[in-house]
Amino acid sequence: MTITDQASGTQPHPPLHTRPHALHGAGAAGDAPSQTLIRHTRRSPIDTSTAVPVLDVTIPVYNEERDLEECLRRLHAHLRGTFPHSFRITVADNASTDGTLQAAERVARELREVTVVHLAEKGRGNALRKVWLASPSPVLAYMDVDLSTDLAALGPLLAPLISGHSDLAIGTRLTRNSRVVRGPKREFISRSYNFMLQSLMGAHFSDAQCGFKAIRADIAQQILPHTVDTAWFFDTELLVLAERCGLRVHEVPVDWTDDPNSSVDIVQTALADVRGMARLSKDMVSGRIPVAELRAALARGPLPAASRSQEQSPGGSLFGQLVRFGTIGVASTLAYLVLFYLCRNLMDPQLANLLALLTTAVANTAANRRFTFGIAGNSDVARHHFEGLLVFGIGLALTSGALALVHSGALPGGTTPDRWVELATVTAANLAATALKFLLFRLWVFRRRPVPTNAPADPAASPTNAPADPAASPTNAPADPAASEASLPQASDPTTEMAQS
């Protein structure tokens, strides 16, 4: 079957609250609104008896005439032999200029599980977004046409989605249990990029760009309309947004062999990804992506262990916080110096220092609140900014004291310091104030207050909100999520292996 799509952009989607999969666990349309706000710790298993294919695997291609047919037959044979449910393979042709489309159509005429979609625009992100949003299947996946990833990892990738244990699943080449064959240049760029994601954006997944991912369709329908990248950054955009929305991302270590004939320009791709990180951060801060609304609708509720103080420290590891705080600090210091220099031409140094420091302090507190310590929404925002101003007062005292010192005749001969001496002085004082500011931010301002031990961590855990159906009670849930994955028995060992790593 061949579907030709000449339209540009993504399909329009109804508002979040009107979509059929807007909230997991929500009942029929007539249910009380309060019931739809309860967060659940588990998703419902996928109904594998559906009339539509349970799995839709998308293969985005551009000028892959040489390898496409062999890869399609190999993937089809693997799914026929190992996947116990119905499936479909969708070839998404991205405006190929060679015989890729004809090769895909030839295979589709022979294998009924293979379909072809022709897109007028290039871009992996564009292809995946359009095909996934149009697919009727409850589980969506994609992999690169070269099948660099060993297909034995497909079962462990899909099992947690079908069972309801996870929302997204990704292959990772960067864990100790992964076995990877590729050159040092690609290895260095890949690890550097993922390090930047973890340090600057607080990501917790280990490998953003491995071409081996799957997602539940009910989750995809909510998140994909908020993604905009049409190329390689689409993967990162999807994963960062999923984590910010409180979804569970399952990682599967894979065996991966580099394709020496790949046409991807890894340097240009890496640079585009860095630009994408900046754009994505701006979109989440500006509100273009309604993270708070999506999180309220999709996030898994906290487990009882979430009341433990060590699990309530926002923002991730100390090292990641230091990197993000340092990046914001460099930008704030540069902005401070520019403002101080401009204001100094109009007023005395103490007033110039006050205005420059106050302006950058407010922006610095907001940036650190959101990016360094991972606090979103308006909860405690007034308290955070008030305490941030107190920290600003300490910084003001340090820099003002340093300025007063150099203007007090402490220089040899009692000479008046020039502007560059003033700049060097306030810079040194500002760096000292910055180090103190990080400690105060981490240990005081943005330290999450402990939850009382006698208060439930989540309203859903309250006895008054207990589910009427005993089968839905957490006490009757299987202790091991893998127990609900019996439909894919081959997934148990690799999944356990990943958990232990």
# chains A, B, ... in the order shown; residues from 1 in each chain; ligands from 1
>>> residues_around(residues="A:Ala432", least_positions_apart="3", cutoff="12 Å", atoms="only C-alpha atoms", output="MDAnalysis selection string")
chainID A and resid 329 333 394:399 402 425:429 435:439
>>> write_last_selection(atoms="N, CA, C and O atoms", output="short mmCIF file (atom, residue, chain, number, x, y, z; two decimals), in the first residue's frame")
data_model
loop_
_atom_site.label_atom_id
_atom_site.label_comp_id
_atom_site.auth_asym_id
_atom_site.auth_seq_id
_atom_site.Cartn_x
_atom_site.Cartn_y
_atom_site.Cartn_z
N GLY A 329 26.02 31.78 35.41
CA GLY A 329 26.85 32.78 36.07
C GLY A 329 27.72 33.55 35.10
O GLY A 329 27.91 34.77 35.25
N THR A 333 27.50 37.47 34.66
CA THR A 333 28.66 38.33 34.89
C THR A 333 28.93 39.24 33.70
O THR A 333 29.22 40.45 33.86
N ILE A 394 23.83 40.12 49.90
CA ILE A 394 25.17 39.70 50.29
C ILE A 394 26.17 40.01 49.18
O ILE A 394 27.28 40.51 49.43
N GLY A 395 25.79 39.71 47.95
CA GLY A 395 26.65 40.03 46.82
C GLY A 395 26.89 41.53 46.69
O GLY A 395 28.00 41.99 46.38
N LEU A 396 25.84 42.32 46.94
CA LEU A 396 25.98 43.77 46.87
C LEU A 396 26.96 44.26 47.94
O LEU A 396 27.79 45.14 47.68
N ALA A 397 26.87 43.67 49.12
CA ALA A 397 27.78 44.08 50.19
C ALA A 397 29.23 43.78 49.83
O ALA A 397 30.14 44.59 50.08
N LEU A 398 29.46 42.61 49.20
CA LEU A 398 30.82 42.25 48.82
C LEU A 398 31.37 43.20 47.76
O LEU A 398 32.50 43.71 47.87
N THR A 399 30.59 43.42 46.69
CA THR A 399 31.10 44.28 45.60
C THR A 399 31.18 45.73 46.02
O THR A 399 32.12 46.44 45.66
N ALA A 402 34.21 46.13 48.14
CA ALA A 402 35.44 46.13 47.35
C ALA A 402 35.65 47.47 46.66
O ALA A 402 36.77 48.01 46.60
N THR A 425 38.19 44.95 40.09
CA THR A 425 37.81 44.79 41.50
C THR A 425 36.41 44.19 41.62
O THR A 425 36.19 43.24 42.38
N VAL A 426 35.45 44.78 40.89
CA VAL A 426 34.09 44.28 41.01
C VAL A 426 33.97 42.88 40.40
O VAL A 426 33.14 42.08 40.84
N THR A 427 34.82 42.56 39.41
CA THR A 427 34.79 41.21 38.85
C THR A 427 35.24 40.18 39.89
O THR A 427 34.61 39.14 40.07
N ALA A 428 36.34 40.48 40.58
CA ALA A 428 36.83 39.57 41.60
C ALA A 428 35.81 39.41 42.73
O ALA A 428 35.54 38.30 43.21
N ALA A 429 35.23 40.53 43.15
CA ALA A 429 34.23 40.47 44.21
C ALA A 429 32.99 39.71 43.75
O ALA A 429 32.37 38.97 44.52
N ALA A 435 30.30 32.25 44.14
CA ALA A 435 30.53 30.99 44.84
C ALA A 435 29.65 30.88 46.08
O ALA A 435 29.04 29.82 46.35
N LEU A 436 29.54 31.98 46.82
CA LEU A 436 28.68 31.97 47.99
C LEU A 436 27.22 31.83 47.59
O LEU A 436 26.43 31.15 48.27
N LYS A 437 26.85 32.46 46.47
CA LYS A 437 25.46 32.38 46.01
C LYS A 437 25.06 30.95 45.70
O LYS A 437 23.95 30.52 46.03
N PHE A 438 25.95 30.18 45.05
CA PHE A 438 25.61 28.79 44.73
C PHE A 438 25.33 27.99 45.98
O PHE A 438 24.36 27.22 46.04
N LEU A 439 26.16 28.16 46.99
CA LEU A 439 25.94 27.42 48.23
C LEU A 439 24.62 27.80 48.88
O LEU A 439 23.87 26.93 49.34
#
>>> residues_around(residues="A:Val228", least_positions_apart="5", cutoff="9 Å", atoms="only C-alpha atoms", output="list in words")
Gly125, Asn126, Phe234 and Glu237 of chain A
>>> select_by_dssp(residues="stretch 166-221 of chain A", states="alpha helix (DSSP H)", output="ChimeraX atom specification")
/A:184-200,217-221
>>> residues_around(residues="A:Phe83", least_positions_apart="4", cutoff="9 Å", atoms="only C-alpha atoms", output="list in words")
His78, Leu79, Phe87, Leu154, Gly155 and Leu488 of chain A
>>> residues_around(residues="A:Asn177", least_positions_apart="2", cutoff="7 Å", atoms="only C-alpha atoms", output="mmCIF file with N, CA, C and O atoms, in the first residue's frame")
data_model
loop_
_atom_site.group_PDB
_atom_site.id
_atom_site.type_symbol
_atom_site.label_atom_id
_atom_site.label_comp_id
_atom_site.auth_asym_id
_atom_site.auth_seq_id
_atom_site.Cartn_x
_atom_site.Cartn_y
_atom_site.Cartn_z
ATOM 1 N N THR A 175 26.017 2.599 27.608
ATOM 2 C CA THR A 175 26.094 1.974 28.915
ATOM 3 C C THR A 175 27.136 0.862 28.870
ATOM 4 O O THR A 175 27.564 0.421 27.798
ATOM 5 N N ARG A 179 27.275 -3.009 23.449
ATOM 6 C CA ARG A 179 28.452 -3.411 22.657
ATOM 7 C C ARG A 179 28.392 -2.668 21.333
ATOM 8 O O ARG A 179 27.469 -2.877 20.542
ATOM 9 N N PRO A 253 20.107 -1.466 26.655
ATOM 10 C CA PRO A 253 21.449 -1.526 26.062
ATOM 11 C C PRO A 253 21.421 -2.332 24.780
ATOM 12 O O PRO A 253 20.795 -3.391 24.721
#
>>> closest_residue(among="A:Val252, A:Ala120, A:Leu133, A:Val54", to="A:Lys213", atoms="only C-alpha atoms")
A:Val252
>>> select_by_dssp(residues="stretch 110-253 of chain A", states="strand (DSSP E)", output="number ranges by chain")
A: 114-119, 139-143, 168-172, 179-181, 212-216, 249-253
>>> write_last_selection(atoms="N, CA, C and O atoms", output="compact mmCIF listing (two decimals), in the first residue's frame")
# COMPACT_ATOMS: atom_id res chain seq x y z
N VAL A 114 3.92 -4.44 4.93
CA VAL A 114 4.73 -3.28 4.58
C VAL A 114 3.88 -2.25 3.86
O VAL A 114 3.16 -2.58 2.90
N THR A 115 3.92 -1.00 4.33
CA THR A 115 3.24 0.11 3.66
C THR A 115 4.26 1.20 3.37
O THR A 115 5.35 1.24 3.96
N VAL A 116 3.92 2.08 2.45
CA VAL A 116 4.84 3.15 2.03
C VAL A 116 4.12 4.48 2.10
O VAL A 116 2.99 4.61 1.64
N VAL A 117 4.77 5.46 2.68
CA VAL A 117 4.27 6.83 2.73
C VAL A 117 5.31 7.73 2.07
O VAL A 117 6.49 7.68 2.44
N HIS A 118 4.90 8.50 1.09
CA HIS A 118 5.81 9.43 0.42
C HIS A 118 5.57 10.84 0.94
O HIS A 118 4.44 11.34 0.95
N LEU A 119 6.64 11.49 1.42
CA LEU A 119 6.57 12.84 1.96
C LEU A 119 7.32 13.79 1.03
O LEU A 119 8.40 13.46 0.53
N VAL A 139 1.24 1.09 19.65
CA VAL A 139 2.67 1.14 19.93
C VAL A 139 3.39 1.57 18.66
O VAL A 139 3.19 0.97 17.60
N LEU A 140 4.21 2.61 18.77
CA LEU A 140 4.91 3.17 17.62
C LEU A 140 6.41 3.06 17.85
O LEU A 140 6.89 3.31 18.96
N ALA A 141 7.13 2.70 16.83
CA ALA A 141 8.58 2.57 16.94
C ALA A 141 9.23 3.08 15.67
O ALA A 141 8.56 3.30 14.65
N TYR A 142 10.53 3.27 15.73
CA TYR A 142 11.27 3.59 14.51
C TYR A 142 12.69 3.07 14.66
O TYR A 142 13.21 2.92 15.77
N MET A 143 13.31 2.81 13.55
CA MET A 143 14.72 2.44 13.52
C MET A 143 15.31 2.88 12.20
O MET A 143 14.59 3.10 11.21
N LEU A 168 8.01 5.66 27.10
CA LEU A 168 8.91 5.64 25.95
C LEU A 168 10.00 4.62 26.23
O LEU A 168 10.29 4.30 27.38
N ALA A 169 10.60 4.12 25.17
CA ALA A 169 11.73 3.20 25.30
C ALA A 169 12.75 3.56 24.25
O ALA A 169 12.40 3.83 23.09
N ILE A 170 14.02 3.57 24.65
CA ILE A 170 15.08 3.96 23.72
C ILE A 170 16.23 2.97 23.83
O ILE A 170 16.50 2.40 24.89
N GLY A 171 16.89 2.76 22.72
CA GLY A 171 18.13 2.00 22.74
C GLY A 171 19.28 2.91 23.13
O GLY A 171 19.29 4.10 22.78
N THR A 172 20.21 2.38 23.88
CA THR A 172 21.37 3.18 24.28
C THR A 172 22.66 2.45 23.94
O THR A 172 22.81 1.25 24.18
N ARG A 179 27.27 -3.01 23.45
CA ARG A 179 28.45 -3.41 22.66
C ARG A 179 28.39 -2.67 21.33
O ARG A 179 27.47 -2.88 20.54
N VAL A 180 29.39 -1.80 21.14
CA VAL A 180 29.33 -0.86 20.02
C VAL A 180 30.62 -0.94 19.21
O VAL A 180 31.71 -1.01 19.77
N VAL A 181 30.44 -0.93 17.89
CA VAL A 181 31.57 -0.86 16.97
C VAL A 181 31.41 0.41 16.14
O VAL A 181 30.54 0.50 15.29
N PHE A 212 16.76 4.03 17.46
CA PHE A 212 16.08 2.81 17.89
C PHE A 212 15.21 3.18 19.08
O PHE A 212 15.62 3.13 20.23
N LYS A 213 13.96 3.60 18.79
CA LYS A 213 13.08 4.13 19.84
C LYS A 213 11.65 3.66 19.64
O LYS A 213 11.26 3.28 18.52
N ALA A 214 10.88 3.70 20.72
CA ALA A 214 9.46 3.34 20.66
C ALA A 214 8.70 4.20 21.66
O ALA A 214 9.26 4.67 22.65
N ILE A 215 7.41 4.40 21.40
CA ILE A 215 6.57 5.23 22.26
C ILE A 215 5.14 4.71 22.20
O ILE A 215 4.70 4.18 21.18
N ARG A 216 4.43 4.84 23.29
CA ARG A 216 3.00 4.52 23.29
C ARG A 216 2.26 5.59 22.51
O ARG A 216 2.54 6.79 22.63
N VAL A 249 11.03 6.93 30.88
CA VAL A 249 11.80 6.56 29.70
C VAL A 249 12.62 5.32 30.05
O VAL A 249 13.47 5.36 30.93
N HIS A 250 12.35 4.23 29.35
CA HIS A 250 13.04 2.96 29.59
C HIS A 250 14.21 2.84 28.61
O HIS A 250 14.07 3.11 27.42
N GLU A 251 15.37 2.47 29.13
CA GLU A 251 16.56 2.34 28.30
C GLU A 251 16.96 0.88 28.14
O GLU A 251 16.94 0.12 29.11
N VAL A 252 17.32 0.51 26.93
CA VAL A 252 17.72 -0.85 26.61
C VAL A 252 19.13 -0.81 26.03
O VAL A 252 19.36 -0.18 25.00
N PRO A 253 20.11 -1.47 26.66
CA PRO A 253 21.45 -1.53 26.06
C PRO A 253 21.42 -2.33 24.78
O PRO A 253 20.80 -3.39 24.72
>>> residues_around(residues="stretch 43-45 of chain A", least_positions_apart="2", cutoff="7 Å", atoms="only C-alpha atoms", output="list in words")
His24, Asp47, Ile162, Ser163, Gly164 and His165 of chain A
>>> closest_residue(among="A:Ser199, A:Asn430, A:Asn368, A:Thr82", to="A:Ala356", atoms="only C-alpha atoms")
A:Asn430
